[in-house]
$ cat data_5.pdb   # PDB, C-alpha atoms (C1' of nucleotides)
ATOM      1  CA  MET A   1      12.872  -0.587  20.446
ATOM      2  CA  ARG A   2      14.229  -3.839  19.117
ATOM      3  CA  LYS A   3      14.278  -5.256  15.643
ATOM      4  CA  ILE A   4      11.258  -7.441  14.976
ATOM      5  CA  SER A   5      11.836 -11.199  15.146
ATOM      6  CA  PRO A   6      12.533 -12.619  11.656
ATOM      7  CA  SER A   7      10.245 -15.555  12.352
ATOM      8  CA  ILE A   8       7.203 -13.260  12.355
ATOM      9  CA  TYR A   9       7.346 -13.059   8.561
ATOM     10  CA  GLY A  10       6.577 -16.750   8.268
ATOM     11  CA  ARG A  11       3.093 -16.150   9.641
ATOM     12  CA  GLU A  12       0.064 -16.246   7.386
ATOM     13  CA  ALA A  13      -0.410 -12.910   5.607
ATOM     14  CA  ALA A  14      -3.650 -12.027   7.403
ATOM     15  CA  ARG A  15      -2.016 -12.544  10.777
ATOM     16  CA  LEU A  16       1.169 -10.718   9.830
ATOM     17  CA  ALA A  17      -0.810  -7.768   8.467
ATOM     18  CA  HIS A  18      -2.528  -7.508  11.852
ATOM     19  CA  ASP A  19       0.625  -8.026  13.889
ATOM     20  CA  ILE A  20       2.764  -5.323  12.280
ATOM     21  CA  ILE A  21       0.226  -2.556  12.878
ATOM     22  CA  GLY A  22       2.020  -0.298  15.347
ATOM     23  CA  ALA A  23       5.483  -1.525  14.369
ATOM     24  CA  VAL A  24       8.042   0.967  13.078
ATOM     25  CA  LEU A  25       9.357   0.858   9.528
ATOM     26  CA  VAL A  26      12.986   1.990   9.165
ATOM     27  CA  HIS A  27      14.905   2.754   5.984
ATOM     28  CA  ARG A  28      18.566   3.764   6.039
ATOM     29  CA  ILE A  29      19.730   5.120   2.715
ATOM     30  CA  CYS A  30      22.235   7.738   1.546
ATOM     31  CA  GLY A  31      23.274   8.577   5.108
ATOM     32  CA  LYS A  32      19.713   9.296   6.187
ATOM     33  CA  GLU A  33      17.244   7.337   8.259
ATOM     34  CA  TYR A  34      13.486   7.383   7.751
ATOM     35  CA  ARG A  35      11.146   6.096  10.463
ATOM     36  CA  ALA A  36       7.375   5.810  10.654
ATOM     37  CA  ARG A  37       4.775   3.799  12.515
ATOM     38  CA  ILE A  38       2.775   1.426  10.340
ATOM     39  CA  VAL A  39      -0.954   2.208  10.679
ATOM     40  CA  GLU A  40      -2.553   0.509   7.683
ATOM     41  CA  THR A  41      -1.882  -2.808   5.939
ATOM     42  CA  GLU A  42      -3.556  -5.261   3.588
ATOM     43  CA  ALA A  43      -3.127  -9.011   3.328
ATOM     44  CA  TYR A  44      -2.970 -10.874   0.014
ATOM     45  CA  VAL A  45      -3.376 -14.414   1.137
ATOM     46  CA  GLY A  46      -2.291 -16.634  -1.751
ATOM     47  CA  PRO A  47      -2.949 -17.700  -5.359
ATOM     48  CA  HIS A  48      -6.593 -18.524  -4.576
ATOM     49  CA  ASP A  49      -7.094 -14.871  -3.540
ATOM     50  CA  LEU A  50      -8.196 -13.225  -6.803
ATOM     51  CA  ALA A  51      -6.972  -9.836  -5.607
ATOM     52  CA  SER A  52      -3.468 -11.163  -5.104
ATOM     53  CA  HIS A  53      -0.861 -10.847  -7.838
ATOM     54  CA  SER A  54       0.115 -14.431  -7.063
ATOM     55  CA  SER A  55      -3.261 -15.506  -8.489
ATOM     56  CA  LYS A  56      -1.730 -14.794 -11.914
ATOM     57  CA  GLY A  57       0.730 -17.575 -11.264
ATOM     58  CA  ARG A  58       4.500 -17.497 -11.117
ATOM     59  CA  THR A  59       5.703 -14.819 -13.541
ATOM     60  CA  LYS A  60       8.648 -12.473 -13.762
ATOM     61  CA  ARG A  61       6.700  -9.921 -11.751
ATOM     62  CA  THR A  62       5.314 -12.239  -9.070
ATOM     63  CA  GLU A  63       8.458 -14.321  -8.659
ATOM     64  CA  VAL A  64       9.470 -12.800  -5.296
ATOM     65  CA  MET A  65       5.974 -13.335  -3.923
ATOM     66  CA  PHE A  66       6.617 -17.056  -4.234
ATOM     67  CA  GLY A  67      10.014 -16.774  -2.576
ATOM     68  CA  PRO A  68      10.907 -16.944   1.123
ATOM     69  CA  ALA A  69       9.119 -14.725   3.635
ATOM     70  CA  GLY A  70      10.700 -11.567   4.976
ATOM     71  CA  HIS A  71      11.702 -10.156   1.606
ATOM     72  CA  ALA A  72      10.336  -7.038  -0.066
ATOM     73  CA  TYR A  73       7.950  -7.357  -2.995
ATOM     74  CA  VAL A  74       7.982  -3.994  -4.774
ATOM     75  CA  TYR A  75       6.169  -3.315  -8.022
ATOM     76  CA  LEU A  76       5.130  -0.410 -10.220
ATOM     77  CA  ILE A  77       1.490   0.596 -10.550
ATOM     78  CA  TYR A  78      -0.175   3.141 -12.848
ATOM     79  CA  GLY A  79       3.214   3.838 -14.375
ATOM     80  CA  MET A  80       4.333   6.048 -11.516
ATOM     81  CA  TYR A  81       3.850   4.601  -8.055
ATOM     82  CA  THR A  82       5.688   1.785  -6.354
ATOM     83  CA  MET A  83       3.943  -0.438  -3.815
ATOM     84  CA  PHE A  84       5.855  -1.919  -0.896
ATOM     85  CA  ASN A  85       4.889  -5.404   0.288
ATOM     86  CA  ILE A  86       6.358  -7.934   2.679
ATOM     87  CA  VAL A  87       6.401 -11.536   1.477
ATOM     88  CA  SER A  88       4.889 -13.749   4.148
ATOM     89  CA  GLY A  89       3.816 -17.285   4.987
ATOM     90  CA  PRO A  90       5.604 -20.499   4.069
ATOM     91  CA  ALA A  91       8.017 -20.094   1.129
ATOM     92  CA  GLY A  92       6.178 -20.678  -2.129
ATOM     93  CA  SER A  93       2.730 -19.904  -0.733
ATOM     94  CA  GLY A  94       2.449 -16.628  -2.658
ATOM     95  CA  GLN A  95       1.363 -14.411   0.214
ATOM     96  CA  ALA A  96       2.262 -10.803   0.950
ATOM     97  CA  VAL A  97       1.310  -7.834   3.090
ATOM     98  CA  LEU A  98       0.974  -4.407   1.484
ATOM     99  CA  ILE A  99       2.027  -1.465   3.642
ATOM    100  CA  ARG A 100      -0.571   1.212   2.910
ATOM    101  CA  ALA A 101       0.029   3.990   5.404
ATOM    102  CA  ALA A 102       2.240   5.105   8.256
ATOM    103  CA  GLU A 103       2.672   7.928  10.691
ATOM    104  CA  PRO A 104       6.036   9.714  10.587
ATOM    105  CA  LEU A 105       8.034   9.757  13.835
ATOM    106  CA  HIS A 106      10.158  12.379  15.532
ATOM    107  CA  ASP A 107      10.324  15.611  13.560
ATOM    108  CA  TRP A 108       9.653  14.140  10.170
ATOM    109  CA  LYS A 109       6.741  16.075   8.687
ATOM    110  CA  VAL A 110       5.316  14.199   5.739
ATOM    111  CA  ASP A 111       2.041  12.698   4.556
ATOM    112  CA  LEU A 112       2.332   8.903   4.495
ATOM    113  CA  SER A 113      -1.398   8.227   4.215
ATOM    114  CA  GLY A 114      -1.263   6.043   1.107
ATOM    115  CA  PRO A 115       0.941   3.300  -0.349
ATOM    116  CA  GLY A 116       2.270   5.497  -3.156
ATOM    117  CA  LYS A 117       3.015   8.420  -0.874
ATOM    118  CA  LEU A 118       4.742   6.128   1.588
ATOM    119  CA  THR A 119       7.195   4.623  -0.886
ATOM    120  CA  ARG A 120       7.954   8.018  -2.398
ATOM    121  CA  ALA A 121       8.800   9.542   0.983
ATOM    122  CA  PHE A 122      10.745   6.457   2.122
ATOM    123  CA  LYS A 123      12.704   6.332  -1.142
ATOM    124  CA  ILE A 124      11.638   2.756  -1.734
ATOM    125  CA  THR A 125      12.043   1.979  -5.435
ATOM    126  CA  LEU A 126      11.850  -0.977  -7.798
ATOM    127  CA  LEU A 127      15.490  -1.635  -6.941
ATOM    128  CA  HIS A 128      14.290  -2.813  -3.546
ATOM    129  CA  ASN A 129      12.306  -5.647  -5.067
ATOM    130  CA  GLY A 130      13.505  -8.843  -3.405
ATOM    131  CA  VAL A 131      15.648  -7.272  -0.672
ATOM    132  CA  ASP A 132      15.982  -9.066   2.652
ATOM    133  CA  LEU A 133      14.145  -7.263   5.445
ATOM    134  CA  THR A 134      16.258  -8.830   8.194
ATOM    135  CA  THR A 135      19.284  -6.695   7.293
ATOM    136  CA  ASP A 136      19.934  -3.233   8.736
ATOM    137  CA  LYS A 137      19.024  -1.191   5.649
ATOM    138  CA  LEU A 138      15.295  -1.729   5.473
ATOM    139  CA  PHE A 139      13.586  -3.396   8.426
ATOM    140  CA  LEU A 140      10.911  -3.247  11.125
ATOM    141  CA  LEU A 141      11.151  -2.447  14.827
ATOM    142  CA  ARG A 142       8.709  -3.675  17.433
ATOM    143  CA  ASP A 143       7.466  -0.934  19.761
ATOM    144  CA  PRO A 144       6.362  -2.563  23.029
ATOM    145  CA  ASP A 145       5.113   0.762  24.409
ATOM    146  CA  TYR A 146       2.543   1.381  21.701
ATOM    147  CA  ARG A 147      -0.874  -0.293  21.753
ATOM    148  CA  PRO A 148      -2.705   0.157  18.463
ATOM    149  CA  GLN A 149      -6.474  -0.108  18.185
ATOM    150  CA  ILE A 150      -6.990  -2.373  15.214
ATOM    151  CA  LYS A 151     -10.017  -2.511  12.942
ATOM    152  CA  ARG A 152     -10.563  -4.861   9.981
ATOM    153  CA  THR A 153     -12.135  -3.596   6.759
ATOM    154  CA  ARG A 154     -12.380  -4.454   3.084
ATOM    155  CA  ARG A 155      -9.353  -3.907   0.880
ATOM    156  CA  ILE A 156      -8.999  -0.850  -1.353
ATOM    157  CA  GLY A 157      -9.027  -0.876  -5.144
ATOM    158  CA  VAL A 158      -9.717  -4.569  -5.727
ATOM    159  CA  ASP A 159     -13.291  -4.442  -7.037
ATOM    160  CA  TYR A 160     -12.383  -6.804  -9.863
ATOM    161  CA  ALA A 161     -11.593  -9.636  -7.435
ATOM    162  CA  LYS A 162     -15.112 -11.165  -7.415
ATOM    163  CA  GLU A 163     -15.895 -12.929  -4.140
ATOM    164  CA  TRP A 164     -12.551 -11.783  -2.725
ATOM    165  CA  LYS A 165     -13.237  -8.082  -3.029
ATOM    166  CA  ASP A 166     -15.200  -7.952   0.202
ATOM    167  CA  ALA A 167     -12.841 -10.028   2.334
ATOM    168  CA  LEU A 168     -11.882  -8.296   5.562
ATOM    169  CA  LEU A 169      -8.162  -8.257   4.910
ATOM    170  CA  ARG A 170      -7.310  -4.611   5.515
ATOM    171  CA  PHE A 171      -6.091  -3.604   8.962
ATOM    172  CA  VAL A 172      -6.216  -0.048  10.279
ATOM    173  CA  ASP A 173      -5.036   1.522  13.509
ATOM    174  CA  THR A 174      -8.054   3.653  14.372
ATOM    175  CA  LYS A 175      -6.009   5.685  16.821
ATOM    176  CA  SER A 176      -4.133   7.103  13.875
ATOM    177  CA  ALA A 177      -6.755   7.101  11.118
ATOM    178  CA  ALA A 178      -8.278  10.084  12.931
ATOM    179  CA  VAL A 179      -5.170  12.208  12.530
ATOM    180  CA  SER A 180      -6.283  15.699  11.520
ATOM    181  CA  GLY A 181      -5.920  16.856   7.974
ATOM    182  CA  HIS A 182      -6.271  13.360   6.569
ATOM    183  CA  ARG A 183      -9.134  12.864   4.184
ATOM    184  CA  ILE A 184     -11.430   9.974   5.024
ATOM    185  CA  LYS A 185     -11.837   7.674   2.078
ATOM    186  CA  LYS A 186     -15.379   6.673   1.205
ATOM    187  CA  THR A 187     -14.374   3.037   1.304
ATOM    188  CA  GLU A 188     -13.331   3.588   4.880
ATOM    189  CA  ARG A 189     -16.679   4.821   6.081
ATOM    190  CA  ASN A 190     -18.998   1.948   5.215
ATOM    191  CA  SER A 191     -17.853  -0.682   7.607
TER     192      SER A 191
ATOM    193  C1'  DG B 192     -17.269  17.631   0.522
ATOM    194  C1'  DC B 193     -17.584  14.549  -3.303
ATOM    195  C1'  DG B 194     -17.295  12.592  -8.064
ATOM    196  C1'  DT B 195     -14.535  12.307 -12.233
ATOM    197  C1'  DC B 196     -10.481  12.028 -14.827
ATOM    198  C1'  DG B 197      -5.709  11.968 -16.664
ATOM    199  C1'  DA B 198      -0.834  10.759 -15.992
ATOM    200  C1'  DT B 199       2.259   6.946 -17.211
ATOM    201  C1'  DG B 200       4.937   2.300 -17.836
ATOM    202  C1'  DG B 201       5.665  -2.695 -17.169
ATOM    203  C1'  DC B 202       3.667  -6.779 -18.016
ATOM    204  C1'  DA B 203       0.756 -10.609 -19.719
TER     205       DA B 203
ATOM    206  C1'  DG C 204      -5.566  -3.203 -22.193
ATOM    207  C1'  DC C 205      -5.186  -3.745 -17.840
ATOM    208  C1'  DC C 206      -3.930  -1.971 -13.023
ATOM    209  C1'  DA C 207      -3.218  -3.126  -4.720
ATOM    210  C1'  DT C 208      -2.745   5.397  -6.897
ATOM    211  C1'  DC C 209      -2.637  10.344  -6.493
ATOM    212  C1'  DG C 210      -3.892  14.937  -7.051
ATOM    213  C1'  DA C 211      -6.180  18.367  -9.747
ATOM    214  C1'  DC C 212     -10.587  20.023 -11.213
ATOM    215  C1'  DG C 213     -15.415  21.274 -11.296
ATOM    216  C1'  DC C 214     -19.490  21.522  -8.976
ATOM    217  C1'  DG C 215     -22.708  24.772  -6.574
TER     218       DG C 215
END
$ encode --input "data_5.pdb" --output "structure tokens"
Amino acid sequence: MRKISPSIYGREAARLAHDIIGAVLVHRICGKEYRARIVETEAYVGPHDLASHSSKGRTKRTEVMFGPAGHAYVYLIYGMYTMFNIVSGPAGSGQAVLIRAAEPLHDWKVDLSGPGKLTRAFKITLLHNGVDLTTDKLFLLRDPDYRPQIKRTRRIGVDYAKEWKDALLRFVDTKSAAVSGHRIKKTERNS
DNA sequence: GCGTCGATGGCA
DNA sequence: GCCATCGACGCG
């Protein structure tokens, strides 16, 4: 497996969210290496997207979202969970892709079926906000041998976003969503 | 199996 | 006073 091409991050968020399904997320920290296959993502396509944090404008929190693509946008939600996003699109366009779920590789036994669970297990914290994903600490690998089966659905937890709440901007690898022991969310069924 | 609810903190 | 969540409960 090779590191993903840095230029991929410059793609529009909806396309990037689709294209990194099946890719492998790697985090090297404290002498350990965590690896998992990305199986669920969501695109936040710009300031006009009412579900996107960038729709609030350029603030202290959203600053990195308006920066160059290929950097991590990490924020705190509900006082206890961190969400891991990849800034995408042209610099300044305020787009990002949220990594929602992954499947652990090798002998790593852990439940990564949710954005909060994923960051906890990967030890991704607020300190990672703004880090460059083209370095060798936190990055993506392309896996040419894996062919995901990708389905588009509505995004989770954005009911406040008016006409944007029903946009088909969530991408799921259906090969993996069926993994046993994983609860099927109600929002996942009606599509 | 499914709905409801509380924890908990940064930010506007 | 919101939240791009999670897990614990209670129900029957």
$ atom_distance --input "data_5.pdb" --atom1 "CA of Arg155 in chain A" --atom2 "C1' of DA207 in chain C"
8.3 Å
$ interface_residues --input "data_5.pdb" --of "chain B" --to "chain A" --cutoff "10 Å" --atoms "only C-alpha atoms (C1' of nucleotides)" --output "MDAnalysis selection string"
chainID B and resid 193 198:203
$ residues_around --input "data_5.pdb" --residues "Lys175 in chain A" --least-positions-apart "6" --cutoff "9 Å" --atoms "only C-alpha atoms (C1' of nucleotides)" --output "count of residues only"
4
$ closest_atom_pairs --input "data_5.pdb" --of "chain C" --to "chain A" --cutoff "12 Å" --atoms "all atoms listed in the file" --output "tab-separated table"
residue	atom	partner	partner_atom	distance
C:DC205	C1'	A:Tyr78	CA	9.9
C:DC206	C1'	A:Tyr78	CA	6.3
C:DA207	C1'	A:Gly157	CA	6.2
C:DT208	C1'	A:Gly116	CA	6.3
C:DC209	C1'	A:Gly116	CA	7.7
C:DG210	C1'	A:Lys117	CA	11.3
$ residues_around --input "data_5.pdb" --residues "Val131 in chain A" --least-positions-apart "4" --cutoff "9 Å" --atoms "only C-alpha atoms (C1' of nucleotides)" --output "mmCIF file with C-alpha atoms, keeping the file's coordinate frame"
data_model
loop_
_atom_site.group_PDB
_atom_site.id
_atom_site.type_symbol
_atom_site.label_atom_id
_atom_site.label_comp_id
_atom_site.auth_asym_id
_atom_site.auth_seq_id
_atom_site.Cartn_x
_atom_site.Cartn_y
_atom_site.Cartn_z
ATOM 1 C CA GLY A 70 10.700 -11.567 4.976
ATOM 2 C CA HIS A 71 11.702 -10.156 1.606
ATOM 3 C CA ALA A 72 10.336 -7.038 -0.066
ATOM 4 C CA TYR A 73 7.950 -7.357 -2.995
ATOM 5 C CA LEU A 127 15.490 -1.635 -6.941
ATOM 6 C CA THR A 135 19.284 -6.695 7.293
ATOM 7 C CA LEU A 138 15.295 -1.729 5.473
#
$ atom_distance --input "data_5.pdb" --atom1 "CA of Asp19 in chain A" --atom2 "CA of Pro90 in chain A"
16.6 Å
$ resolve_selection --input "data_5.pdb" --expression "the PyMOL selection byres ((chain C and resi 214) around 10)" --output "list of chain:residue names"
B:DC193, B:DG194, C:DC212, C:DG213, C:DG215
$ atom_distance --input "data_5.pdb" --atom1 "CA of Ala101 in chain A" --atom2 "C1' of DG197 in chain B"
24.2 Å
$ resolve_selection --input "data_5.pdb" --expression "the PyMOL selection byres ((chain A and resi 20) around 10)" --output "number ranges by chain"
A: 4, 8-9, 15-19, 21-25, 37-41, 97, 99, 140-143, 148, 171
$ residues_near_point --input "data_5.pdb" --point "(-10.4, -6.7, 6.5)" --cutoff "7 Å" --atoms "all atoms listed in the file" --output "ChimeraX atom specification"
/A:152-155,167-171
$ write_last_selection --input "data_5.pdb" --atoms "C-alpha atoms" --output "PDB file, in the frame of the given file"
ATOM      1  CA  ARG A 152     -10.563  -4.861   9.981  1.00  0.00           C
ATOM      2  CA  THR A 153     -12.135  -3.596   6.759  1.00  0.00           C
ATOM      3  CA  ARG A 154     -12.380  -4.454   3.084  1.00  0.00           C
ATOM      4  CA  ARG A 155      -9.353  -3.907   0.880  1.00  0.00           C
ATOM      5  CA  ALA A 167     -12.841 -10.028   2.334  1.00  0.00           C
ATOM      6  CA  LEU A 168     -11.882  -8.296   5.562  1.00  0.00           C
ATOM      7  CA  LEU A 169      -8.162  -8.257   4.910  1.00  0.00           C
ATOM      8  CA  ARG A 170      -7.310  -4.611   5.515  1.00  0.00           C
ATOM      9  CA  PHE A 171      -6.091  -3.604   8.962  1.00  0.00           C
TER      10      PHE A 171
END
$ resolve_selection --input "data_5.pdb" --expression "the PyMOL selection byres ((chain A and resi 121) around 9)" --output "list in words"
Tyr34, Val110, Asp111, Leu112, Gly116, Lys117, Leu118, Thr119, Arg120, Phe122, Lys123 and Ile124 of chain A
$ residues_around --input "data_5.pdb" --residues "Ala96 in chain A" --least-positions-apart "3" --cutoff "6 Å" --atoms "only C-alpha atoms (C1' of nucleotides)" --output "PyMOL selection string"
chain A and resi 13+44+86-88
$ write_last_selection --input "data_5.pdb" --atoms "C-alpha atoms" --output "PDB file, in the coordinates of the input"
ATOM      1  CA  ALA A  13      -0.410 -12.910   5.607  1.00  0.00           C
ATOM      2  CA  TYR A  44      -2.970 -10.874   0.014  1.00  0.00           C
ATOM      3  CA  ILE A  86       6.358  -7.934   2.679  1.00  0.00           C
ATOM      4  CA  VAL A  87       6.401 -11.536   1.477  1.00  0.00           C
ATOM      5  CA  SER A  88       4.889 -13.749   4.148  1.00  0.00           C
TER       6      SER A  88
END
$ axis_aligned_box --input "data_5.pdb" --around "chain B" --padding-each-side "4 Å" --output "JSON"
{"center_x": -6.0, "center_y": 3.5, "center_z": -9.6, "size_x": 31.2, "size_y": 36.2, "size_z": 28.2}
$ residues_around --input "data_5.pdb" --residues "Gly57 in chain A" --least-positions-apart "6" --cutoff "12 Å" --atoms "all atoms listed in the file" --output "NGL selection string"
(:A and (46-50 or 63-66 or 92-95)) or (:B and (203))
$ residues_around --input "data_5.pdb" --residues "Asp136 in chain A" --least-positions-apart "3" --cutoff "8 Å" --atoms "only C-alpha atoms (C1' of nucleotides)" --output "JSON, numbers by chain"
{"A": [28, 133, 139]}
